[in-house]
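Okay, model_35.tsv now, which holds TSV, C-alpha atoms:
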```tsv
chain	number	residue	atom	x	y	z
Q	75	MET	CA	5.89	11.75	-23.53
Q	76	GLY	CA	8.04	11.01	-26.58
Q	77	VAL	CA	10.32	8.08	-27.31
Q	78	SER	CA	13.41	10.09	-26.29
Q	79	ASP	CA	11.91	10.65	-22.80
Q	80	HIS	CA	12.05	6.91	-22.18
Q	81	THR	CA	15.62	6.19	-23.24
Q	82	PRO	CA	17.97	4.81	-22.00
Q	83	LEU	CA	15.97	1.66	-21.30
Q	84	ARG	CA	16.72	-0.82	-18.56
Q	85	GLU	CA	18.23	-4.01	-19.93
Q	86	PRO	CA	15.22	-6.29	-19.17
Q	87	THR	CA	12.87	-3.81	-20.88
Q	88	PHE	CA	15.17	-3.56	-23.91
Q	89	LEU	CA	15.35	-7.35	-24.19
Q	90	VAL	CA	11.56	-7.77	-23.79
Q	91	LEU	CA	10.99	-5.32	-26.66
Q	92	ALA	CA	13.65	-7.09	-28.74
Q	93	ALA	CA	12.00	-10.47	-28.07
Q	94	LEU	CA	8.66	-9.14	-29.31
Q	95	ALA	CA	10.11	-7.48	-32.43
Q	96	PRO	CA	9.72	-10.41	-34.89
Q	97	ALA	CA	6.37	-11.81	-33.67
Q	98	PRO	CA	3.87	-11.74	-30.78
Q	99	LEU	CA	4.74	-13.99	-27.82
Q	100	HIS	CA	3.19	-15.13	-24.53
Q	101	GLY	CA	4.86	-14.57	-21.16
Q	102	TYR	CA	6.94	-17.73	-20.93
Q	103	GLY	CA	7.82	-17.39	-24.64
Q	104	ILE	CA	9.34	-13.96	-23.88
Q	105	ILE	CA	11.33	-15.42	-20.96
Q	106	LYS	CA	12.76	-18.20	-23.19
Q	107	VAL	CA	13.59	-15.86	-26.11
Q	108	VAL	CA	15.31	-13.36	-23.78
Q	109	GLU	CA	17.36	-16.21	-22.28
Q	110	GLU	CA	18.35	-17.45	-25.76
Q	111	MET	CA	19.15	-13.95	-27.09
Q	112	SER	CA	21.36	-13.19	-24.10
Q	113	GLU	CA	22.96	-16.67	-24.26
Q	114	GLY	CA	21.72	-17.48	-20.74
Q	115	ARG	CA	23.05	-14.25	-19.22
Q	116	VAL	CA	19.62	-12.73	-18.51
Q	117	HIS	CA	16.91	-14.85	-16.91
Q	118	LEU	CA	13.71	-12.88	-16.39
Q	119	ARG	CA	11.53	-13.82	-13.42
Q	120	ALA	CA	7.77	-13.93	-14.02
Q	121	GLY	CA	7.20	-10.98	-11.66
Q	122	THR	CA	9.90	-8.88	-13.34
Q	123	LEU	CA	8.52	-9.65	-16.80
Q	124	TYR	CA	4.92	-8.74	-15.98
Q	125	ALA	CA	6.01	-5.54	-14.18
Q	126	ALA	CA	7.91	-4.52	-17.35
Q	127	LEU	CA	4.98	-5.53	-19.59
Q	128	GLU	CA	2.56	-3.51	-17.43
Q	129	ARG	CA	4.70	-0.37	-17.76
Q	130	LEU	CA	5.22	-0.90	-21.50
Q	131	GLU	CA	1.49	-1.51	-22.05
Q	132	THR	CA	0.55	1.62	-20.05
Q	133	GLN	CA	2.92	3.72	-22.18
Q	134	GLY	CA	1.56	2.19	-25.41
Q	135	TYR	CA	4.75	0.38	-26.49
Q	136	VAL	CA	3.30	-3.12	-26.12
Q	137	ALA	CA	-0.29	-4.23	-26.69
Q	138	PHE	CA	-2.29	-7.23	-25.55
Q	139	LEU	CA	-3.13	-9.21	-28.70
Q	140	GLY	CA	-5.48	-11.88	-27.36
Q	141	GLU	CA	-5.59	-15.27	-25.68
Q	142	SER	CA	-4.71	-18.56	-27.30
Q	143	VAL	CA	-4.91	-22.17	-26.10
Q	144	GLU	CA	-2.30	-24.56	-27.46
Q	145	GLY	CA	-2.62	-27.80	-25.53
Q	146	GLY	CA	-2.46	-26.12	-22.14
Q	147	PRO	CA	-3.92	-23.22	-20.20
Q	148	ALA	CA	-5.02	-20.07	-22.05
Q	149	ARG	CA	-2.04	-17.77	-22.75
Q	150	ARG	CA	-2.06	-14.05	-23.29
Q	151	TYR	CA	-0.06	-12.91	-26.30
Q	152	PHE	CA	1.66	-9.54	-26.44
Q	153	ARG	CA	2.80	-7.63	-29.53
Q	154	LEU	CA	5.07	-4.68	-30.17
Q	155	THR	CA	3.16	-1.54	-31.24
Q	156	GLU	CA	4.45	0.95	-33.84
Q	157	GLU	CA	5.53	3.25	-30.98
Q	158	GLY	CA	7.31	0.32	-29.36
Q	159	ARG	CA	9.17	-0.38	-32.60
Q	160	LYS	CA	10.27	3.29	-32.75
Q	161	LEU	CA	11.44	3.12	-29.11
Q	162	LEU	CA	13.43	-0.07	-29.75
Q	163	THR	CA	14.98	1.42	-32.88
Q	164	ALA	CA	15.94	4.61	-31.04
Q	165	GLU	CA	17.52	2.63	-28.18
Q	166	ALA	CA	19.40	0.34	-30.57
Q	167	ALA	CA	20.74	3.40	-32.43
Q	168	ARG	CA	21.84	4.97	-29.14
Q	169	LEU	CA	23.64	1.80	-28.05
Q	170	THR	CA	25.27	1.40	-31.48
Q	171	ALA	CA	26.50	5.01	-31.42
Q	172	ASN	CA	27.96	4.48	-27.95
Q	173	ALA	CA	29.62	1.20	-29.04
Q	174	ARG	CA	31.15	2.94	-32.10
Q	175	LEU	CA	32.40	5.77	-29.91
Q	176	VAL	CA	34.12	3.42	-27.49
Q	177	SER	CA	35.51	1.24	-30.30
Q	178	ALA	CA	37.02	4.30	-31.98
Q	179	ARG	CA	38.60	5.39	-28.69
Q	180	LEU	CA	40.02	1.90	-28.15
Q	181	GLY	CA	41.06	1.52	-31.77
Q	182	VAL	CA	39.17	-1.75	-32.29
Q	183	GLU	CA	36.65	-2.81	-34.92
Q	184	VAL	CA	32.94	-3.10	-33.99
Q	185	ALA	CA	31.84	-6.70	-34.55
N	169	MET	CA	-1.09	-29.37	-6.07
N	170	SER	CA	2.47	-28.76	-4.86
N	171	THR	CA	3.45	-26.16	-2.25
N	172	ASP	CA	4.98	-23.98	-4.98
N	173	GLU	CA	1.78	-24.10	-7.03
N	174	ARG	CA	-0.31	-23.19	-3.98
N	175	ALA	CA	2.07	-20.28	-3.28
N	176	VAL	CA	1.79	-19.09	-6.91
N	177	HIS	CA	-2.02	-19.19	-6.72
N	178	TRP	CA	-2.00	-17.38	-3.38
N	179	LEU	CA	0.31	-14.65	-4.71
N	180	THR	CA	-1.43	-14.17	-8.08
N	181	GLU	CA	-4.81	-13.91	-6.30
N	182	ARG	CA	-3.34	-10.87	-4.54
N	183	LEU	CA	-2.34	-8.98	-7.68
N	184	PRO	CA	-4.37	-5.75	-7.41
N	185	GLY	CA	-6.36	-4.11	-10.20
N	186	VAL	CA	-6.08	-6.93	-12.74
N	187	ASP	CA	-8.67	-9.30	-14.19
N	188	ALA	CA	-8.92	-13.06	-13.67
N	189	GLY	CA	-7.41	-13.76	-17.12
N	190	TYR	CA	-4.30	-11.74	-16.23
N	191	ARG	CA	-3.92	-13.66	-12.96
N	192	ARG	CA	-4.25	-17.00	-14.78
N	193	ASP	CA	-1.67	-15.91	-17.33
N	194	VAL	CA	0.86	-14.81	-14.69
N	195	ALA	CA	0.29	-18.11	-12.84
N	196	ALA	CA	0.75	-20.16	-16.04
N	197	THR	CA	4.01	-18.34	-16.83
N	198	ALA	CA	5.23	-18.83	-13.25
N	199	PHE	CA	4.41	-22.57	-13.36
N	200	ASP	CA	6.46	-22.92	-16.55
N	201	ALA	CA	9.34	-21.00	-14.98
N	202	LEU	CA	9.18	-23.13	-11.81
N	203	ARG	CA	9.31	-26.40	-13.76
N	204	ASP	CA	12.78	-27.96	-13.43
N	205	ALA	CA	14.00	-24.92	-11.43
N	206	GLY	CA	16.25	-25.46	-8.41
N	207	ARG	CA	15.28	-24.46	-4.89
N	208	VAL	CA	16.91	-21.00	-5.06
N	209	ARG	CA	15.33	-20.17	-8.42
N	210	ARG	CA	11.93	-21.30	-7.18
N	211	TRP	CA	12.23	-18.93	-4.22
N	212	LEU	CA	13.32	-16.08	-6.50
N	213	GLU	CA	10.31	-16.70	-8.77
N	214	LEU	CA	7.93	-16.56	-5.81
N	215	LEU	CA	9.64	-13.42	-4.46
N	216	SER	CA	9.29	-11.79	-7.90
N	217	LEU	CA	5.53	-12.44	-7.81
N	218	ALA	CA	5.30	-10.89	-4.32
N	219	ALA	CA	7.28	-7.89	-5.64
N	220	LEU	CA	4.89	-7.63	-8.61
N	221	ALA	CA	1.89	-7.52	-6.25
N	222	LEU	CA	3.54	-4.66	-4.33
N	223	ARG	CA	4.63	-2.83	-7.51
N	224	LEU	CA	1.08	-2.79	-8.92
N	225	ARG	CA	-0.44	-1.30	-5.75
N	226	SER	CA	0.91	2.25	-5.86
N	227	PRO	CA	0.10	3.08	-9.53
N	228	LEU	CA	-3.39	1.65	-8.99
N	229	ARG	CA	-4.19	3.64	-5.83
N	230	ALA	CA	-2.13	6.81	-6.30
N	231	GLY	CA	-1.70	6.97	-10.08
N	232	ALA	CA	1.47	8.58	-11.39
N	233	ARG	CA	1.06	11.62	-9.09
N	234	PRO	CA	3.92	12.01	-6.57
N	235	GLU	CA	1.75	14.19	-4.30
N	236	ALA	CA	-0.85	11.39	-4.03
N	237	VAL	CA	1.93	8.94	-3.12
N	238	TRP	CA	3.11	11.28	-0.34
N	239	ILE	CA	-0.40	12.00	0.96
N	240	GLN	CA	-1.28	8.29	1.18
N	241	GLY	CA	2.10	7.44	2.70
N	242	VAL	CA	1.87	10.19	5.34
N	243	ARG	CA	-1.51	8.83	6.42
N	244	VAL	CA	-0.06	5.32	6.86
N	245	GLY	CA	2.93	6.80	8.72
N	246	ALA	CA	0.60	8.77	11.02
N	247	LEU	CA	-1.44	5.65	11.78
N	248	VAL	CA	1.68	3.59	12.54
N	249	SER	CA	3.12	6.37	14.74
N	250	LEU	CA	-0.12	6.62	16.75
N	251	THR	CA	-0.26	2.81	17.02
N	252	ALA	CA	3.33	2.83	18.30
N	253	VAL	CA	2.47	5.35	21.03
N	254	ALA	CA	-0.64	3.34	21.97
N	255	CYS	CA	1.44	0.16	22.23
N	256	ASP	CA	4.13	1.94	24.27
N	257	ALA	CA	1.39	3.14	26.64
N	258	ALA	CA	-0.16	-0.35	26.84
N	259	ALA	CA	3.27	-1.76	27.67
N	260	ARG	CA	3.40	0.51	30.74
N	261	GLY	CA	1.01	-1.91	32.46
N	262	PRO	CA	-2.06	-1.26	34.59
N	263	ALA	CA	-1.32	2.41	35.41
N	264	ILE	CA	-4.39	4.59	34.78
N	265	ALA	CA	-2.51	7.07	32.56
N	266	GLY	CA	-1.06	4.33	30.34
N	267	VAL	CA	-4.37	2.51	29.94
N	268	GLY	CA	-6.19	5.76	29.17
N	269	VAL	CA	-3.65	6.80	26.53
N	270	ALA	CA	-3.67	3.34	24.94
N	271	LEU	CA	-7.48	3.21	24.77
N	272	GLY	CA	-7.76	6.77	23.45
N	273	LEU	CA	-5.20	6.26	20.71
N	274	LEU	CA	-6.51	2.81	19.74
N	275	ALA	CA	-9.97	4.37	19.35
N	276	ALA	CA	-8.41	7.16	17.26
N	277	VAL	CA	-6.60	4.67	14.98
N	278	ALA	CA	-9.80	2.61	14.56
N	279	SER	CA	-11.79	5.76	13.74
N	280	ALA	CA	-9.21	6.90	11.20
N	281	LEU	CA	-9.20	3.44	9.58
N	282	CYS	CA	-13.01	3.60	9.30
N	283	GLY	CA	-12.77	7.02	7.64
N	284	TRP	CA	-14.03	9.10	10.59
N	285	ARG	CA	-11.19	11.59	10.40
N	286	VAL	CA	-12.65	14.37	12.59
N	287	VAL	CA	-13.47	11.88	15.35
N	288	ALA	CA	-9.95	10.44	15.11
N	289	VAL	CA	-8.26	13.85	15.40
N	290	CYS	CA	-10.49	14.81	18.37
N	291	LEU	CA	-9.60	11.52	20.09
N	292	VAL	CA	-5.87	12.13	19.54
N	293	LEU	CA	-6.08	15.66	20.98
N	294	GLY	CA	-8.24	14.43	23.87
N	295	THR	CA	-5.69	11.72	24.67
N	296	VAL	CA	-2.86	14.26	24.71
N	297	LEU	CA	-4.87	16.43	27.11
N	298	PHE	CA	-5.56	13.38	29.31
N	299	GLU	CA	-1.84	12.51	29.46
N	300	LEU	CA	-0.87	16.08	30.33
N	301	LEU	CA	-3.50	16.25	33.09
N	302	SER	CA	-2.49	12.81	34.41
N	303	VAL	CA	1.30	13.07	34.55
N	304	GLY	CA	2.07	16.73	33.82
N	305	LEU	CA	4.64	18.00	31.30
N	306	THR	CA	7.21	15.23	31.77
N	307	VAL	CA	9.74	14.11	29.12
N	308	GLN	CA	7.48	11.13	28.33
N	309	ALA	CA	4.47	13.43	27.91
N	310	GLU	CA	6.48	15.72	25.60
N	311	VAL	CA	7.38	12.76	23.37
N	312	LEU	CA	3.72	11.66	23.28
N	313	LEU	CA	2.56	15.24	22.60
N	314	THR	CA	4.93	15.68	19.63
N	315	ILE	CA	4.18	12.32	18.00
N	316	CYS	CA	0.43	12.75	18.52
N	317	LEU	CA	0.45	16.24	16.98
N	318	ILE	CA	2.40	14.97	13.95
N	319	GLY	CA	0.03	11.98	13.78
N	320	ALA	CA	-3.03	14.22	13.89
N	321	GLY	CA	-1.47	16.41	11.19
N	322	GLY	CA	-0.88	13.30	9.06
N	323	LEU	CA	-4.51	12.24	9.47
N	324	ILE	CA	-5.71	15.71	8.43
N	325	ALA	CA	-3.31	15.87	5.45
N	326	GLY	CA	-4.03	12.30	4.37
N	327	PRO	CA	-6.86	11.13	2.12
N	328	ALA	CA	-10.40	10.88	3.50
N	329	GLY	CA	-12.27	7.60	3.37
N	330	ALA	CA	-12.02	4.21	5.02
N	331	ALA	CA	-8.92	2.03	4.67
N	332	ARG	CA	-9.16	-1.40	3.05
N	333	HIS	CA	-9.94	-4.18	5.54
N	334	ALA	CA	-10.39	-1.50	8.26
N	335	PRO	CA	-12.11	-3.71	10.90
N	336	ARG	CA	-9.50	-6.46	10.51
N	337	VAL	CA	-6.56	-4.03	10.79
N	338	ALA	CA	-8.14	-2.28	13.80
N	339	LEU	CA	-8.65	-5.62	15.54
N	340	ALA	CA	-5.05	-6.65	14.84
N	341	VAL	CA	-3.73	-3.36	16.28
N	342	ALA	CA	-5.91	-3.77	19.38
N	343	ALA	CA	-4.72	-7.38	19.79
N	344	VAL	CA	-1.04	-6.32	19.71
N	345	ALA	CA	-1.68	-3.61	22.32
N	346	LEU	CA	-3.61	-6.08	24.51
N	347	LEU	CA	-0.76	-8.61	24.29
N	348	LEU	CA	1.75	-5.95	25.38
N	349	PHE	CA	-0.54	-4.92	28.24
N	350	LEU	CA	-0.95	-8.52	29.46
N	351	ALA	CA	2.81	-9.07	29.16
N	352	ALA	CA	3.43	-5.92	31.22
N	353	VAL	CA	1.00	-7.15	33.89
N	354	ALA	CA	2.69	-10.56	33.94
N	355	VAL	CA	6.40	-9.66	33.79
N	356	GLY	CA	6.57	-5.91	34.39
N	357	SER	CA	6.83	-3.08	31.88
N	358	GLY	CA	10.56	-3.42	31.02
N	359	ALA	CA	10.58	-6.18	28.41
N	360	PRO	CA	7.24	-5.35	26.71
N	361	GLY	CA	8.23	-1.68	26.50
N	362	ALA	CA	11.62	-2.56	24.98
N	363	ALA	CA	9.97	-4.94	22.50
N	364	SER	CA	7.44	-2.29	21.44
N	365	THR	CA	10.18	0.32	20.99
N	366	PHE	CA	12.39	-2.12	19.05
N	367	VAL	CA	9.56	-3.08	16.67
N	368	PHE	CA	8.14	0.41	16.06
N	369	VAL	CA	11.37	2.44	16.11
N	370	TRP	CA	13.68	0.04	14.25
N	371	VAL	CA	12.01	-2.97	12.61
N	372	CYS	CA	8.93	-1.23	11.23
N	373	PRO	CA	10.67	1.80	9.59
N	374	CYS	CA	13.46	-0.42	8.17
N	375	ALA	CA	10.90	-2.87	6.70
N	376	LEU	CA	8.84	0.00	5.26
N	377	ILE	CA	11.92	1.59	3.67
N	378	GLY	CA	12.84	-1.78	2.07
N	379	LEU	CA	9.32	-2.43	0.79
N	380	GLY	CA	9.16	1.22	-0.27
N	381	LEU	CA	11.50	0.42	-3.16
N	382	LEU	CA	8.47	-1.39	-4.67
N	383	ASP	CA	5.62	0.70	-3.26
N	384	PRO	CA	6.83	4.29	-2.64
N	385	ARG	CA	3.88	5.01	-0.34
N	386	LEU	CA	5.47	2.72	2.25
N	387	ALA	CA	8.76	4.66	2.10
N	388	ALA	CA	6.75	7.87	2.53
N	389	ALA	CA	5.15	6.27	5.59
N	390	ALA	CA	8.61	5.43	6.97
N	391	THR	CA	9.70	9.05	6.41
N	392	THR	CA	6.77	10.24	8.55
N	393	ILE	CA	7.46	7.71	11.33
N	394	VAL	CA	11.18	8.46	11.61
N	395	PHE	CA	10.59	12.22	11.37
N	396	ALA	CA	8.00	12.03	14.17
N	397	ARG	CA	10.51	10.17	16.38
N	398	LEU	CA	13.27	12.63	15.48
N	399	ALA	CA	11.04	15.59	16.29
N	400	ALA	CA	9.88	13.95	19.54
N	401	SER	CA	13.29	13.23	20.96
N	402	GLY	CA	15.99	14.27	18.54
N	403	PHE	CA	15.84	18.05	18.40
N	404	GLY	CA	16.10	18.44	22.15
N	405	GLU	CA	18.87	15.88	22.26
N	406	LEU	CA	20.84	17.64	19.52
N	407	GLY	CA	21.41	20.71	21.66
N	408	HIS	CA	22.35	18.55	24.63
N	409	ALA	CA	24.62	16.36	22.51
N	410	LEU	CA	26.45	19.36	21.08
N	411	ALA	CA	26.82	20.81	24.56
N	412	VAL	CA	28.37	17.67	25.99
N	413	LEU	CA	30.44	16.80	22.88
N	414	HIS	CA	33.59	18.37	24.31
N	415	GLU	CA	33.25	16.08	27.32
N	416	GLY	CA	33.54	13.04	25.10
N	417	GLN	CA	29.90	11.91	25.33
N	418	ARG	CA	29.16	11.29	21.69
N	419	ALA	CA	26.32	8.73	22.03
N	420	LEU	CA	23.53	11.31	21.88
N	421	LEU	CA	24.98	12.99	18.82
N	422	VAL	CA	25.40	9.63	17.07
N	423	ARG	CA	21.78	8.77	17.86
N	424	TRP	CA	20.58	12.11	16.51
N	425	LEU	CA	22.67	11.69	13.36
N	426	LEU	CA	21.31	8.16	12.84
N	427	MET	CA	17.71	9.37	13.10
N	428	GLY	CA	18.42	12.33	10.83
N	429	ALA	CA	20.06	9.98	8.32
N	430	GLY	CA	16.97	7.73	8.60
N	431	VAL	CA	14.68	10.59	7.58
N	432	VAL	CA	16.93	11.48	4.63
N	433	ALA	CA	17.23	7.82	3.56
N	434	ALA	CA	13.46	7.25	3.72
N	435	TRP	CA	12.82	10.46	1.78
N	436	GLY	CA	15.44	9.44	-0.81
N	437	VAL	CA	13.93	5.98	-1.26
N	438	THR	CA	10.46	7.51	-1.72
N	439	HIS	CA	11.76	9.98	-4.31
N	440	ARG	CA	13.69	7.27	-6.18
N	441	ALA	CA	10.81	4.76	-6.10
N	442	ILE	CA	8.38	7.36	-7.50
N	443	GLY	CA	10.83	8.00	-10.36
N	444	ARG	CA	11.31	4.26	-11.00
N	445	GLN	CA	7.55	3.80	-11.45
N	446	ARG	CA	7.71	5.69	-14.74
N	447	ARG	CA	11.08	4.44	-15.94
N	448	LEU	CA	11.04	1.74	-18.59
```
Translate the structure of the given file into structure tokens.
Amino acid sequence: MGVSDHTPLREPTFLVLAALAPAPLHGYGIIKVVEEMSEGRVHLRAGTLYAALERLETQGYVAFLGESVEGGPARRYFRLTEEGRKLLTAEAARLTANARLVSARLGVEVA
Amino acid sequence: MSTDERAVHWLTERLPGVDAGYRRDVAATAFDALRDAGRVRRWLELLSLAALALRLRSPLRAGARPEAVWIQGVRVGALVSLTAVACDAAARGPAIAGVGVALGLLAAVASALCGWRVVAVCLVLGTVLFELLSVGLTVQAEVLLTICLIGAGGLIAGPAGAARHAPRVALAVAAVALLLFLAAVAVGSGAPGAASTFVFVWVCPCALIGLGLLDPRLAAAATTIVFARLAASGFGELGHALAVLHEGQRALLVRWLLMGAGVVAAWGVTHRAIGRQRRL
């Protein structure tokens, strides 16, 4: 299956991929980054996050990097794969094109 | 350890097909999320872990193959339908026919759970024969005949092999039937029979359809159960309902339409849940 077969993405999936774009993160790190990015609008539950991660890992868009202990229990870190980066780019381009389309129809500038 | 932490451990221990490190990681993330969370958010976190445990089951056991989802679901639906008939029969009380049907079908369900499919199908057919010889071709026997034939078909179409925790499930099923039997002996067959019908005709399919959003095999099971009930009583009633419609008796038609809608809804949920498994 290609990247185009998986778009449009659900919002939690899109935000999980976006959270992992700059650097690998552990589960709770992803939850916090998604909350910050969405300015508190999206709060991922642990079960929702790991269900999304499981699907993304199965499809090869996210990979398990390894475990790390930083003053607490061992944490699993996840990273975006090259395919995941392509998927995120494709989805961002799709959303941007849609935003431009609507802005043109409304006669307003895209921020 | 707090109640929430115990609940998180209990739920993460039930995540299927994952290693101990994964369970620890999910638990650690959930603990962080639960810290400083209000009561409602704590409940939502725990519910999300229960949903995760259900979501992981179907891809693990049926893969991404819709036909495997249906086959496994039909088997569960057949087992629940046969259990329902056994419980209905047990709720009839100490009549020979009822006890015989209950014992025959309970033995069939136990055999199917243990993976003895041929024995289970023979027991189902033998029980149908016993009922027909005991009470003749009454309306009740026709209902039993139809559900048992669909149940036997489901067992044949379903996967071979023993179910997980087969002895425990078989004992639980037998205990429910025994409770209904004892209740029928104590207070008469009315209330136990109504309770059995309410649980197996309404509560069980509705719960399976709801849970089927997370594990499509359960929605497929609900489709089988509701279809078996529709076939057992609905088709005959449809003709009667249409015949009496002009006289203003719409209850039968409404009942038939509700059951038909139930089959369509359960099928739709199964189809949608299978699609959602692959969607990112």
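Nearest to Gln133 (chain Q) of all the residues Q:His80, Q:Arg150, Q:Arg115, Q:Lys106 is Q:His80, counting all atoms listed in the file.
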Name the residues within 10 Å of (7.7, -13.8, -22.9), counting all atoms listed in the file in the file's coordinates, and put them as a list in words.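 Within the cut-off we find Val90, Leu91, Ala93, Leu94, Pro98, Leu99, His100, Gly101, Tyr102, Gly103, Ile104, Ile105, Lys106, Val107, Val108, Glu109, Leu118, Ala120, Leu123, Tyr124, Leu127, Arg150, Tyr151 and Phe152 of chain Q; Thr197 of chain N.
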Store the residues of this selection in a file with C-alpha atoms, as an mmCIF file, in the frame of the given file.
```
data_model
loop_
_atom_site.group_PDB
_atom_site.id
_atom_site.type_symbol
_atom_site.label_atom_id
_atom_site.label_comp_id
_atom_site.auth_asym_id
_atom_site.auth_seq_id
_atom_site.Cartn_x
_atom_site.Cartn_y
_atom_site.Cartn_z
ATOM 1 C CA VAL Q 90 11.560 -7.770 -23.790
ATOM 2 C CA LEU Q 91 10.990 -5.320 -26.660
ATOM 3 C CA ALA Q 93 12.000 -10.470 -28.070
ATOM 4 C CA LEU Q 94 8.660 -9.140 -29.310
ATOM 5 C CA PRO Q 98 3.870 -11.740 -30.780
ATOM 6 C CA LEU Q 99 4.740 -13.990 -27.820
ATOM 7 C CA HIS Q 100 3.190 -15.130 -24.530
ATOM 8 C CA GLY Q 101 4.860 -14.570 -21.160
ATOM 9 C CA TYR Q 102 6.940 -17.730 -20.930
ATOM 10 C CA GLY Q 103 7.820 -17.390 -24.640
ATOM 11 C CA ILE Q 104 9.340 -13.960 -23.880
ATOM 12 C CA ILE Q 105 11.330 -15.420 -20.960
ATOM 13 C CA LYS Q 106 12.760 -18.200 -23.190
ATOM 14 C CA VAL Q 107 13.590 -15.860 -26.110
ATOM 15 C CA VAL Q 108 15.310 -13.360 -23.780
ATOM 16 C CA GLU Q 109 17.360 -16.210 -22.280
ATOM 17 C CA LEU Q 118 13.710 -12.880 -16.390
ATOM 18 C CA ALA Q 120 7.770 -13.930 -14.020
ATOM 19 C CA LEU Q 123 8.520 -9.650 -16.800
ATOM 20 C CA TYR Q 124 4.920 -8.740 -15.980
ATOM 21 C CA LEU Q 127 4.980 -5.530 -19.590
ATOM 22 C CA ARG Q 150 -2.060 -14.050 -23.290
ATOM 23 C CA TYR Q 151 -0.060 -12.910 -26.300
ATOM 24 C CA PHE Q 152 1.660 -9.540 -26.440
ATOM 25 C CA THR N 197 4.010 -18.340 -16.830
#
```
Using Å and a single decimal, report how far CA of Leu222 (chain N) sits from CA of Asp256 (chain N).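 CA of Leu222 (chain N) lies at a distance of 29.4 Å from CA of Asp256 (chain N).
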Chain Q residues near chain N within 8 Å, closest pair each, using all atoms listed in the file, as CSV:
```
residue,atom,partner,partner_atom,distance
Q:His80,CA,N:Leu448,CA,6.4
Q:Thr81,CA,N:Leu448,CA,7.9
Q:Leu83,CA,N:Leu448,CA,5.6
Q:Arg84,CA,N:Leu448,CA,6.2
Q:Thr87,CA,N:Leu448,CA,6.3
Q:Gly101,CA,N:Thr197,CA,5.8
Q:Tyr102,CA,N:Thr197,CA,5.1
Q:Arg119,CA,N:Glu213,CA,5.6
Q:Ala120,CA,N:Ala198,CA,5.6
Q:Gly121,CA,N:Ser216,CA,4.4
Q:Thr122,CA,N:Ser216,CA,6.2
Q:Tyr124,CA,N:Val194,CA,7.4
Q:Ala125,CA,N:Leu220,CA,6.1
Q:Ala126,CA,N:Leu448,CA,7.1
Q:Arg129,CA,N:Leu448,CA,6.7
Q:Leu130,CA,N:Leu448,CA,7.0
Q:Pro147,CA,N:Ala196,CA,7.0
Q:Ala148,CA,N:Asp193,CA,7.1
Q:Arg149,CA,N:Asp193,CA,5.7
Q:Arg150,CA,N:Asp193,CA,6.3
```
Compare N:Thr251, N:Thr171, N:Thr438, N:Ser401 by their minimum atom-to-atom distance to Ser364 (chain N), counting all atoms listed in the file, and give me the closest one.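 Closest candidate: N:Thr251.
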When you draw a straight line from CA of Gly358 (chain N) to CA of Gly430 (chain N), how long is it in Å?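 A separation of 25.8 Å between them.
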Contacts of Val431 (chain N) within 7 Å, all atoms listed in the file, excl. fewer than 2 positions in-chain, as a ChimeraX atom specification: /N:391,394-395,427-429,433-435
Keeping only C-alpha atoms, write those residues as a tab-separated table (two decimals), in the frame of the given file.
```tsv
chain	number	residue	atom	x	y	z
N	391	THR	CA	9.70	9.05	6.41
N	394	VAL	CA	11.18	8.46	11.61
N	395	PHE	CA	10.59	12.22	11.37
N	427	MET	CA	17.71	9.37	13.10
N	428	GLY	CA	18.42	12.33	10.83
N	429	ALA	CA	20.06	9.98	8.32
N	433	ALA	CA	17.23	7.82	3.56
N	434	ALA	CA	13.46	7.25	3.72
N	435	TRP	CA	12.82	10.46	1.78
```
Quick one: pull the distance between CA of Val437 (chain N) and CA of Val186 (chain N), Å, one decimal.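 Atom-to-atom, CA of Val437 (chain N) and CA of Val186 (chain N) are spaced 26.4 Å apart.
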Work out where the centre of an axis-aligned box around every listed atom of region 224-235 of chain N lies and how long its edges are once 6 Å is added on each side; give both in Å to one decimal as AutoDock Vina command-line options.
```
--center_x -0.1 --center_y 5.7 --center_z -7.8 --size_x 20.1 --size_y 29.0 --size_z 19.1
```
Which residues are close to Leu271 (chain N), i.e. within 12 Å by only C-alpha atoms, leaving aside same-chain residues fewer than 2 positions away? Reply as a PyMOL selection string. chain N and resi 250-251+253-258+264-269+273-278+291-292+294-296+298-299+341-342+345-346+349
Compare N:Ala441, N:Ala359, N:Leu398, N:Val303 by their minimum atom-to-atom distance to Arg423 (chain N), counting only C-alpha atoms, and give me the closest one.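 Using only C-alpha atoms, the shortest distance to Arg423 (chain N) belongs to N:Leu398.
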Excluding same-chain residues fewer than 2 positions from region 166-174 of chain Q, what lies within 12 Å of it counting all atoms listed in the file, as a short mmCIF file (atom, residue, chain, number, x, y, z; two decimals) with C-alpha atoms, keeping the file's coordinate frame?
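As written to disk, selection_11.cif reads:
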```cif
data_model
loop_
_atom_site.label_atom_id
_atom_site.label_comp_id
_atom_site.auth_asym_id
_atom_site.auth_seq_id
_atom_site.Cartn_x
_atom_site.Cartn_y
_atom_site.Cartn_z
CA SER Q 78 13.41 10.09 -26.29
CA THR Q 81 15.62 6.19 -23.24
CA PRO Q 82 17.97 4.81 -22.00
CA LEU Q 83 15.97 1.66 -21.30
CA GLU Q 85 18.23 -4.01 -19.93
CA PHE Q 88 15.17 -3.56 -23.91
CA LEU Q 89 15.35 -7.35 -24.19
CA LEU Q 91 10.99 -5.32 -26.66
CA ALA Q 92 13.65 -7.09 -28.74
CA ARG Q 159 9.17 -0.38 -32.60
CA LYS Q 160 10.27 3.29 -32.75
CA LEU Q 161 11.44 3.12 -29.11
CA LEU Q 162 13.43 -0.07 -29.75
CA THR Q 163 14.98 1.42 -32.88
CA ALA Q 164 15.94 4.61 -31.04
CA VAL Q 176 34.12 3.42 -27.49
CA SER Q 177 35.51 1.24 -30.30
CA ALA Q 178 37.02 4.30 -31.98
CA ARG Q 179 38.60 5.39 -28.69
CA LEU Q 180 40.02 1.90 -28.15
CA GLY Q 181 41.06 1.52 -31.77
CA VAL Q 182 39.17 -1.75 -32.29
CA GLU Q 183 36.65 -2.81 -34.92
CA VAL Q 184 32.94 -3.10 -33.99
CA ALA Q 185 31.84 -6.70 -34.55
#
```
